[in-house]
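To start, the structure itself, in structure tokens.
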2 protein chains.
Amino acid sequence: MKNYKLIIEYDGTKYNGWQKQGNTKNTLQERFISVLSRMCDHAVSIHASGRTDAGVHAKAQVANCFCETEKTCEEMQRYLNQYLPEDIRVLSVCVADDRFHSRLNAVSKTYEYKISTVKADVFTRKFVYTEECCVDVDKMRRASKLLLGTHDFIGFSSVKKTKKSTIRTIHAIDVTDSDGVITISINGSGFLYNMVRIIAGTLFEIGKGAMDEAVISEILSDKNRAAAGPTMPACGLSLTKVYY
Amino acid sequence: MKNYKLIIEYDGTKYNGWQKQGNTKNTLQERFISVLSRMCDHAVSIHASGRTDAGVHAKAQVANCFCETEKTCEEMQRYLNQYLPEDIRVLSVCVADDRFHSRLNAVSKTYEYKISTVKADVFTRKFVYTEECCVDVDKMRRASKLLLGTHDFIGFSSVKKTKKSTIRTIHAIDVTDSDGVITISINGSGFLYNMVRIIAGTLFEIGKGAMDEAVISEILSDKNRAAAGPTMPACGLSLTKVYY
């Protein structure tokens, strides 16, 4: 029984997110369990660095699973890519230390939220949120920097009252514009439920001039979800990197 | 009445090609005619640099149309992008000389054919042809160079006997490999029916070792379609540039 580390890419459009919870059907986790269990001829469980929500994509999700197999890592990768649907692709497979856990050992993660303010590129339109409008990207960038550091981010989340800590650290955040496609890139120690999508929604409102930059500090200090922008649609969000 | 030059991008997956021919439904040309005629309140006809076939994509198709409108070019672009479906995008609109004709004035065109020999990137999988296999890309590249210059390309086409010339010039051709995704890029004076797809199919057979490099010269001299490789599926083909 070895502990395998997988790096995975997926188009999350038609999945109900990574993790099977209650009666949720059609999760990415189930797809992996089914193919891996068939491959190993024993029940396999698999854990990812975090639960991406329904419709969210990943360019490099990391997962680990204990498997009993005679296949090499390359053979395992080929097998998975052959039997998984075409909107899921295993980018690499390697043997990790037995103590490696994709979620518990993750030091930070980077997410990207993409907004097209012009009609989206026809080839990538399913992976951005499109809203044709004028935005001040410099203002979004300036406002984004107010999120840097360690704060209680509950105001930027869909988390209800909880006993768990809602304090997280944002190590890096940037807003860039490429021909009208805005990318909000955030690296942080961890993210609360809907946190990236609400941060993106708030920065987008600021960019459109519908909210003031000062709202960021207010939401952080007042922990007031109602003062923040909308939860942006899942299609624009991708998990792009997990650091260990 | 001014002559407008449009540069257009489209995901051709669900269209029956550019041109309305006989009873063909759902062509790109029809979509443009319908939106332009509504915009101008007069019947508009539009011509492209060439007919892309059903399922073929374009990164920069060029078309021209005579319109009577008070809109500026930017307003016209915005209008078109607003009313055309999301798999079609107008990249630019400008006023051309009255004598400009997108097809007759085209000096050369570049097409790209993409083959993924590994499981395709989940984000671009609809724009490549995927066949997991081993290929010798250097051999494909060497063989491709035999196509350079002016030849009768009827053996590399689906053209039946014709009185029209089947002589064309290939100015540049290259085969590149990026992580298992092979791109065959061809610039030529013009292309016969299915010519790029049959060239791609022949080079692919050579790459897989199923055909010999020498077959290229044989097909050119014998004008024998049967000796060439298969017509590759439309999904891998894109018109990428038209030169005037």
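In the structure tokens, chains take letters A, B, ... by order of appearance, with residues numbered from 1 within each chain and ligands from 1 in the order shown.
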7 Å contacts from chain B to chain A using only C-alpha atoms, as a list in words: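 Filtering chain B at 7 Å from chain A with only C-alpha atoms gives Glu9, Tyr10, Asp11, Asn81, Glu86, Asp87, Ile88, Arg89, Lys119, Val122 and Phe123 of chain B.
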Polymer residues at most 10 Å from A:Ser92, only C-alpha atoms, same-chain spacing of 2 or more positions, as a VMD selection string: chain A and resid 5 to 9 60 62 73 to 74 76 to 78 89 to 90 94
Selected residues, all heavy atoms, written as a tab-separated table (two decimals), in the first residue's frame, please.
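Writing done, so here's result23.tsv:
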chain	number	residue	atom	x	y	z
A	5	LYS	N	0.45	10.68	-4.77
A	5	LYS	CA	0.09	12.10	-4.89
A	5	LYS	C	-0.27	12.37	-6.36
A	5	LYS	O	0.52	12.07	-7.26
A	5	LYS	CB	1.27	12.96	-4.47
A	5	LYS	CG	1.04	14.46	-4.62
A	5	LYS	CD	2.33	15.22	-4.27
A	5	LYS	CE	2.17	16.72	-4.54
A	5	LYS	NZ	3.46	17.42	-4.42
A	6	LEU	N	-1.46	12.89	-6.57
A	6	LEU	CA	-1.94	13.15	-7.93
A	6	LEU	C	-2.10	14.65	-8.14
A	6	LEU	O	-2.62	15.36	-7.26
A	6	LEU	CB	-3.32	12.50	-8.13
A	6	LEU	CG	-3.41	11.02	-8.50
A	6	LEU	CD1	-2.74	10.13	-7.46
A	6	LEU	CD2	-4.88	10.62	-8.66
A	7	ILE	N	-1.69	15.14	-9.30
A	7	ILE	CA	-2.01	16.52	-9.68
A	7	ILE	C	-3.05	16.43	-10.79
A	7	ILE	O	-2.88	15.68	-11.75
A	7	ILE	CB	-0.76	17.32	-10.09
A	7	ILE	CG1	0.24	17.30	-8.93
A	7	ILE	CG2	-1.13	18.77	-10.45
A	7	ILE	CD1	1.52	18.06	-9.18
A	8	ILE	N	-4.15	17.15	-10.59
A	8	ILE	CA	-5.35	16.94	-11.42
A	8	ILE	C	-5.88	18.25	-11.99
A	8	ILE	O	-5.94	19.26	-11.29
A	8	ILE	CB	-6.46	16.32	-10.54
A	8	ILE	CG1	-5.99	15.02	-9.88
A	8	ILE	CG2	-7.72	16.06	-11.36
A	8	ILE	CD1	-6.82	14.63	-8.67
A	9	GLU	N	-6.29	18.20	-13.24
A	9	GLU	CA	-6.90	19.35	-13.93
A	9	GLU	C	-8.35	18.98	-14.21
A	9	GLU	O	-8.61	17.85	-14.61
A	9	GLU	CB	-6.11	19.50	-15.23
A	9	GLU	CG	-6.57	20.56	-16.19
A	9	GLU	CD	-5.73	20.52	-17.49
A	9	GLU	OE1	-6.02	19.67	-18.36
A	9	GLU	OE2	-4.82	21.32	-17.64
A	60	ALA	N	-4.64	22.67	-11.20
A	60	ALA	CA	-3.68	21.81	-10.52
A	60	ALA	C	-4.16	21.51	-9.10
A	60	ALA	O	-3.53	21.90	-8.13
A	60	ALA	CB	-2.29	22.46	-10.51
A	62	VAL	N	-4.52	19.07	-6.00
A	62	VAL	CA	-3.66	17.99	-5.52
A	62	VAL	C	-4.49	17.05	-4.66
A	62	VAL	O	-5.30	17.50	-3.84
A	62	VAL	CB	-2.46	18.55	-4.73
A	62	VAL	CG1	-1.59	17.41	-4.19
A	62	VAL	CG2	-1.62	19.47	-5.62
A	73	CYS	N	3.93	4.64	-11.67
A	73	CYS	CA	3.20	5.91	-11.63
A	73	CYS	C	2.71	6.31	-13.02
A	73	CYS	O	1.59	6.80	-13.18
A	73	CYS	CB	4.08	7.02	-11.05
A	73	CYS	SG	4.39	6.78	-9.29
A	74	GLU	N	3.57	6.10	-14.03
A	74	GLU	CA	3.20	6.47	-15.40
A	74	GLU	C	2.03	5.60	-15.89
A	74	GLU	O	1.11	6.09	-16.54
A	74	GLU	CB	4.39	6.30	-16.36
A	74	GLU	CG	5.52	7.30	-16.14
A	74	GLU	CD	6.30	7.08	-14.83
A	74	GLU	OE1	6.37	5.91	-14.36
A	74	GLU	OE2	6.80	8.06	-14.27
A	76	MET	N	-0.19	4.20	-14.01
A	76	MET	CA	-1.37	4.60	-13.24
A	76	MET	C	-1.98	5.86	-13.87
A	76	MET	O	-3.20	5.94	-14.04
A	76	MET	CB	-0.91	4.88	-11.81
A	76	MET	CG	-2.00	4.91	-10.81
A	76	MET	SD	-1.27	4.79	-9.16
A	76	MET	CE	-2.49	5.76	-8.26
A	77	GLN	N	-1.13	6.82	-14.22
A	77	GLN	CA	-1.60	8.06	-14.87
A	77	GLN	C	-2.33	7.72	-16.17
A	77	GLN	O	-3.42	8.24	-16.44
A	77	GLN	CB	-0.41	8.99	-15.15
A	77	GLN	CG	-0.84	10.32	-15.75
A	77	GLN	CD	0.35	11.19	-16.18
A	77	GLN	OE1	1.49	10.82	-16.00
A	77	GLN	NE2	0.05	12.33	-16.73
A	78	ARG	N	-1.73	6.85	-16.97
A	78	ARG	CA	-2.35	6.48	-18.26
A	78	ARG	C	-3.70	5.81	-18.04
A	78	ARG	O	-4.67	6.09	-18.72
A	78	ARG	CB	-1.42	5.54	-19.05
A	78	ARG	CG	-0.66	6.24	-20.16
A	78	ARG	CD	-0.17	5.26	-21.22
A	78	ARG	NE	0.67	4.20	-20.68
A	78	ARG	CZ	1.96	4.35	-20.36
A	78	ARG	NH1	2.56	5.51	-20.55
A	78	ARG	NH2	2.65	3.35	-19.86
A	89	ARG	N	-8.41	15.43	-16.13
A	89	ARG	CA	-7.14	14.91	-16.62
A	89	ARG	C	-6.13	14.86	-15.49
A	89	ARG	O	-5.96	15.82	-14.74
A	89	ARG	CB	-6.59	15.81	-17.73
A	89	ARG	CG	-5.35	15.24	-18.39
A	89	ARG	CD	-5.00	15.98	-19.67
A	89	ARG	NE	-4.55	17.33	-19.41
A	89	ARG	CZ	-3.53	17.91	-20.07
A	89	ARG	NH1	-2.90	17.26	-21.02
A	89	ARG	NH2	-3.19	19.14	-19.78
A	90	VAL	N	-5.46	13.74	-15.35
A	90	VAL	CA	-4.42	13.60	-14.34
A	90	VAL	C	-3.11	14.07	-14.96
A	90	VAL	O	-2.66	13.52	-15.96
A	90	VAL	CB	-4.32	12.13	-13.87
A	90	VAL	CG1	-3.17	11.96	-12.88
A	90	VAL	CG2	-5.64	11.70	-13.25
A	94	CYS	N	2.77	10.58	-8.45
A	94	CYS	CA	4.05	10.15	-7.88
A	94	CYS	C	3.79	9.53	-6.51
A	94	CYS	O	2.71	9.66	-5.95
A	94	CYS	CB	5.05	11.31	-7.80
A	94	CYS	SG	4.57	12.57	-6.64
Atom CA of B:His42 to atom CA of B:Ala106, distance in Å rounded to a single decimal: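 Separating atom CA of B:His42 from atom CA of B:Ala106 is a distance of 27.2 Å.
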Test item: residues at most 7 Å from stretch 213-230 of chain B, only C-alpha atoms, excluding those fewer than 3 positions along its chain, as a ChimeraX atom specification: /B:143,146,151-157,198,201-202,205-206
Strand (DSSP E) residues, from DSSP on the backbone, in stretch 11-82 of chain B, as a PyMOL selection string: chain B and resi 46-48+57-67
Sel. of helix (DSSP H, G or I) residues, stretch 10-153 of chain B, as a PyMOL selection string: chain B and resi 12-14+28-40+73-83+125-127+137-145
Separation of atom CA of A:Ala234 from atom CA of A:Arg31 in Å: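 Value for the atom CA of A:Arg31-atom CA of A:Ala234 distance: 20.2 Å.
Residue neighbourhood of A:Val137, excluding near-sequence residues (fewer than 5 positions): A:Ile115, A:Thr117, A:Arg142, A:Ala143, A:Ser144, A:Asp174, A:Val175, A:Thr176, A:Asp177, A:Ser178, A:Asp179, A:Gly180, A:Val181, A:Ile182, A:Thr183, A:Ile184, A:Leu203, A:Phe204, A:Glu205, A:Ile206, A:Gly207, A:Lys208, A:Gly209, at 12 Å, using only C-alpha atoms.
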